[in-house]
Every structure is written in structure tokens, then in C-alpha cells.
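Since the structure comes first, as C-alpha cells, the remarks are kept for the end.
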Amino acid sequence: MDRAGLRRKLLKAQAEAGDIVLLFGDESEALTHPYLAHAWAKKGTDLRIPAPGQAAKVAMLGLLDWAPRELMVRTSRSKRSTDFIALLETLDRRYGPEPGRCVKPVRLVLDNGPIHTSKATTAALAERSPWLTVEWLPKYTPEFNDIEELWRDLKQHHLAHQTFDGPDNLDDAIHEAVRMLNCEQNRHLLANHRIAA
């Protein structure tokens, strides 16, 4: 575990220096029924939040670009290797080799979940090996994956206490929440920079 933590620190230092692109990848889910984060009710009364019908799920497959703190999310009704490979295709367009573009090495931090270790995903990652290297996390260490904090923030502050009419409504809300979260992240980054006089 200490070695994994040390490796993460080294990768973050390289990303901060601009030598590499450091991405943290993971999946999560959102429901059309309300996610209750922090709620209160008057003493002696029951808290009631409408949750009609059967809850539907939307899978969120995400990548956190660590240095600029930008979250990229692909939504899907399933959480399969083909969905993850579609997310990798987003990486191709954004970070992959292209004539006239200088390509930085990309390090992608992943857990050993089945969606990341399937035959199809392994082949897709191998195709990208000239510019993309996977950094595997030790098993059962979600605390080493920086995207986990953003999943929590997304659910507790942007999607909480809402009932969505269906998966399409939820899908739209997820993308709007990611946009807002990225704006907040960028605002916090700018607040930390000193302006030279």
C-alpha cells in the first residue's frame, strides 16, 4: 500500500510539472429515485420525498484529468466493457497521436474491476500502449482513486434530493451536473493561483 501511495505522489508531481497526463478512471451509477445526502425534518414529523414507480439506473463511466481537475463522463444504460472502450475512444480524440500534435505520455489509473480486465478491454488498452500506460491500483483501495471524491460530490451536491422522470432526464441532469462541477473545480484552481504584480 505504501508503494502504491508513493507511486501516486510521483505521478501527480509529473502531471503537475506538465510531463504527463494523469487520468483516474472509474464507474458509478445514479438512480432516477432521490439520492438522500443530508436531509432534515421538523421534530416529530416524517420526511417524505416522492419516489414514484420503479427506479431506473444510469451508469456513469468517468475519467478525471488530474492536473486541471476536469471530469469527463460517458453515460450508458449498461456498464460493460464495450461502454468502457467507447470511453477510451474519447481519449483517442483528446490525447492520442494526431499529425501536428505533440503527444504527452498518458497514465491511466484503474482498479482491477471486470470491466477493466476483460479480454475486449485488454485488447483495446494494448492498441493504445504506445501512448497510454495503465497504472493498476492494489485491490480494495478506492481511497487511492481520486475520482471517487468527485463521484461523491456529484451525487451529494448536484443530484441529491431530486426525482427524475426517467433515464433520459437523469442523463441530462448528470451531464449538466458534470459541467457545473467542472466550472466549480476550475474556479477553485484559479483562486489558489497568485497573480504576480
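Letters A, B, ... mark the chains of the C-alpha cells in the order given; residue numbers begin at 1 per chain; ligand numbers begin at 1, in order shown.
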DSSP strand (DSSP E or B) residues within range 14-180 of chain A, listed as a VMD selection string | chain A and resid 21 to 31 35 57 to 65 70 to 76 106 to 110 132 to 136 160
As a ChimeraX atom specification, which residues of range 6-196 of chain A does DSSP assign to helix (DSSP H, G or I)?
-> /A:6-16,81-95,114-117,119-127,142-144,147-158,167-192
Go ahead and dump the residues you just picked, C-alpha atoms, as a JSON list (two decimals), in the first residue's frame.
```json
[["chain", "number", "residue", "atom", "x", "y", "z"],
["A", 6, "LEU", "CA", 4.31, 6.75, -3.23],
["A", 7, "ARG", "CA", 3.74, 5.90, -6.90],
["A", 8, "ARG", "CA", 0.62, 8.11, -6.95],
["A", 9, "LYS", "CA", 2.59, 11.02, -5.46],
["A", 10, "LEU", "CA", 5.27, 10.65, -8.12],
["A", 11, "LEU", "CA", 2.68, 10.55, -10.92],
["A", 12, "LYS", "CA", 0.94, 13.63, -9.51],
["A", 13, "ALA", "CA", 4.24, 15.52, -9.38],
["A", 14, "GLN", "CA", 4.91, 14.60, -13.03],
["A", 15, "ALA", "CA", 1.40, 15.69, -14.05],
["A", 16, "GLU", "CA", 1.73, 18.96, -12.14],
["A", 81, "SER", "CA", -16.57, -3.46, -21.47],
["A", 82, "THR", "CA", -18.00, -2.01, -24.68],
["A", 83, "ASP", "CA", -19.06, 1.10, -22.73],
["A", 84, "PHE", "CA", -15.57, 1.46, -21.28],
["A", 85, "ILE", "CA", -14.00, 1.02, -24.72],
["A", 86, "ALA", "CA", -16.24, 3.82, -26.02],
["A", 87, "LEU", "CA", -14.81, 5.99, -23.23],
["A", 88, "LEU", "CA", -11.29, 5.06, -24.39],
["A", 89, "GLU", "CA", -12.25, 6.34, -27.85],
["A", 90, "THR", "CA", -12.83, 9.74, -26.22],
["A", 91, "LEU", "CA", -9.22, 9.53, -25.02],
["A", 92, "ASP", "CA", -8.08, 8.80, -28.58],
["A", 93, "ARG", "CA", -9.59, 12.06, -29.80],
["A", 94, "ARG", "CA", -8.35, 14.10, -26.88],
["A", 95, "TYR", "CA", -4.89, 12.72, -26.09],
["A", 114, "PRO", "CA", -14.03, -6.86, -14.55],
["A", 115, "ILE", "CA", -14.91, -4.01, -16.92],
["A", 116, "HIS", "CA", -11.20, -3.03, -16.97],
["A", 117, "THR", "CA", -9.70, -6.52, -17.20],
["A", 119, "LYS", "CA", -10.44, -9.59, -22.97],
["A", 120, "ALA", "CA", -12.02, -6.80, -25.05],
["A", 121, "THR", "CA", -10.74, -4.05, -22.75],
["A", 122, "THR", "CA", -7.28, -5.62, -22.50],
["A", 123, "ALA", "CA", -7.07, -5.64, -26.31],
["A", 124, "ALA", "CA", -8.29, -2.03, -26.53],
["A", 125, "LEU", "CA", -5.70, -0.91, -23.95],
["A", 126, "ALA", "CA", -2.94, -2.82, -25.79],
["A", 127, "GLU", "CA", -3.79, -0.93, -29.03],
["A", 142, "PRO", "CA", -10.78, 3.00, -3.63],
["A", 143, "GLU", "CA", -9.15, 5.66, -1.43],
["A", 144, "PHE", "CA", -6.27, 5.74, -3.95],
["A", 147, "ILE", "CA", -12.23, 10.23, -8.98],
["A", 148, "GLU", "CA", -14.11, 8.72, -6.01],
["A", 149, "GLU", "CA", -14.24, 12.12, -4.31],
["A", 150, "LEU", "CA", -15.86, 13.67, -7.39],
["A", 151, "TRP", "CA", -18.45, 10.87, -7.65],
["A", 152, "ARG", "CA", -19.40, 11.60, -4.04],
["A", 153, "ASP", "CA", -19.59, 15.36, -4.70],
["A", 154, "LEU", "CA", -21.64, 14.83, -7.85],
["A", 155, "LYS", "CA", -24.20, 12.70, -6.01],
["A", 156, "GLN", "CA", -24.35, 14.63, -2.73],
["A", 157, "HIS", "CA", -24.41, 18.16, -4.10],
["A", 158, "HIS", "CA", -25.65, 18.05, -7.69],
["A", 167, "PRO", "CA", -33.33, 7.74, -17.53],
["A", 168, "ASP", "CA", -33.26, 10.41, -20.24],
["A", 169, "ASN", "CA", -34.00, 13.18, -17.68],
["A", 170, "LEU", "CA", -31.38, 11.74, -15.35],
["A", 171, "ASP", "CA", -28.87, 11.50, -18.20],
["A", 172, "ASP", "CA", -29.35, 15.22, -18.98],
["A", 173, "ALA", "CA", -29.03, 16.10, -15.28],
["A", 174, "ILE", "CA", -25.79, 14.12, -14.98],
["A", 175, "HIS", "CA", -24.17, 15.97, -17.90],
["A", 176, "GLU", "CA", -25.32, 19.34, -16.55],
["A", 177, "ALA", "CA", -24.01, 18.41, -13.08],
["A", 178, "VAL", "CA", -20.62, 17.43, -14.57],
["A", 179, "ARG", "CA", -20.47, 20.77, -16.40],
["A", 180, "MET", "CA", -21.23, 22.65, -13.17],
["A", 181, "LEU", "CA", -18.75, 20.54, -11.19],
["A", 182, "ASN", "CA", -16.00, 21.27, -13.73],
["A", 183, "CYS", "CA", -16.77, 25.01, -13.51],
["A", 184, "GLU", "CA", -16.51, 24.83, -9.71],
["A", 185, "GLN", "CA", -13.22, 22.90, -9.90],
["A", 186, "ASN", "CA", -11.72, 25.46, -12.30],
["A", 187, "ARG", "CA", -12.88, 28.36, -10.12],
["A", 188, "HIS", "CA", -11.17, 26.79, -7.06],
["A", 189, "LEU", "CA", -7.98, 26.24, -9.03],
["A", 190, "LEU", "CA", -7.86, 29.89, -10.12],
["A", 191, "ALA", "CA", -8.46, 31.08, -6.55],
["A", 192, "ASN", "CA", -5.30, 29.27, -5.45]]
```
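Minimum distance to Val21 in chain A across A:Leu137, A:Ala67, A:Ala41, A:Ala160 (counting only C-alpha atoms) occurs at A:Ala67.
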Contact residues around Ala55 in chain A with only C-alpha atoms at 10 Å, ignoring same-chain residues under 4 positions, as a PyMOL selection string | chain A and resi 30-34+51+163-167
Distance in Å - CA of Met60 in chain A versus CA of Thr75 in chain A =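 Rounded to one decimal, the two atoms are 4.7 Å apart.
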Find the residue from A:Gly113, A:Pro130, A:Pro68, A:Pro99 that sits nearest to Gly18 in chain A; use only C-alpha atoms when measuring.
->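 Checking each candidate against Gly18 in chain A, we get A:Pro68 as the closest.
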Which one of A:Leu159, A:Val58, A:Leu110, A:Leu71 sits closest to Lys139 in chain A if you count only C-alpha atoms?
-> A:Leu110
At what distance in Å, to one decimal, does CA of Val109 in chain A lie from CA of Arg3 in chain A?
->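 Separation between CA of Arg3 in chain A and CA of Val109 in chain A: 14.5 Å.
Using only C-alpha atoms, the smallest distance between any of A:Gly62, A:Gly44, A:Gly96, A:Gly5 and Glu29 in chain A comes from A:Gly62.
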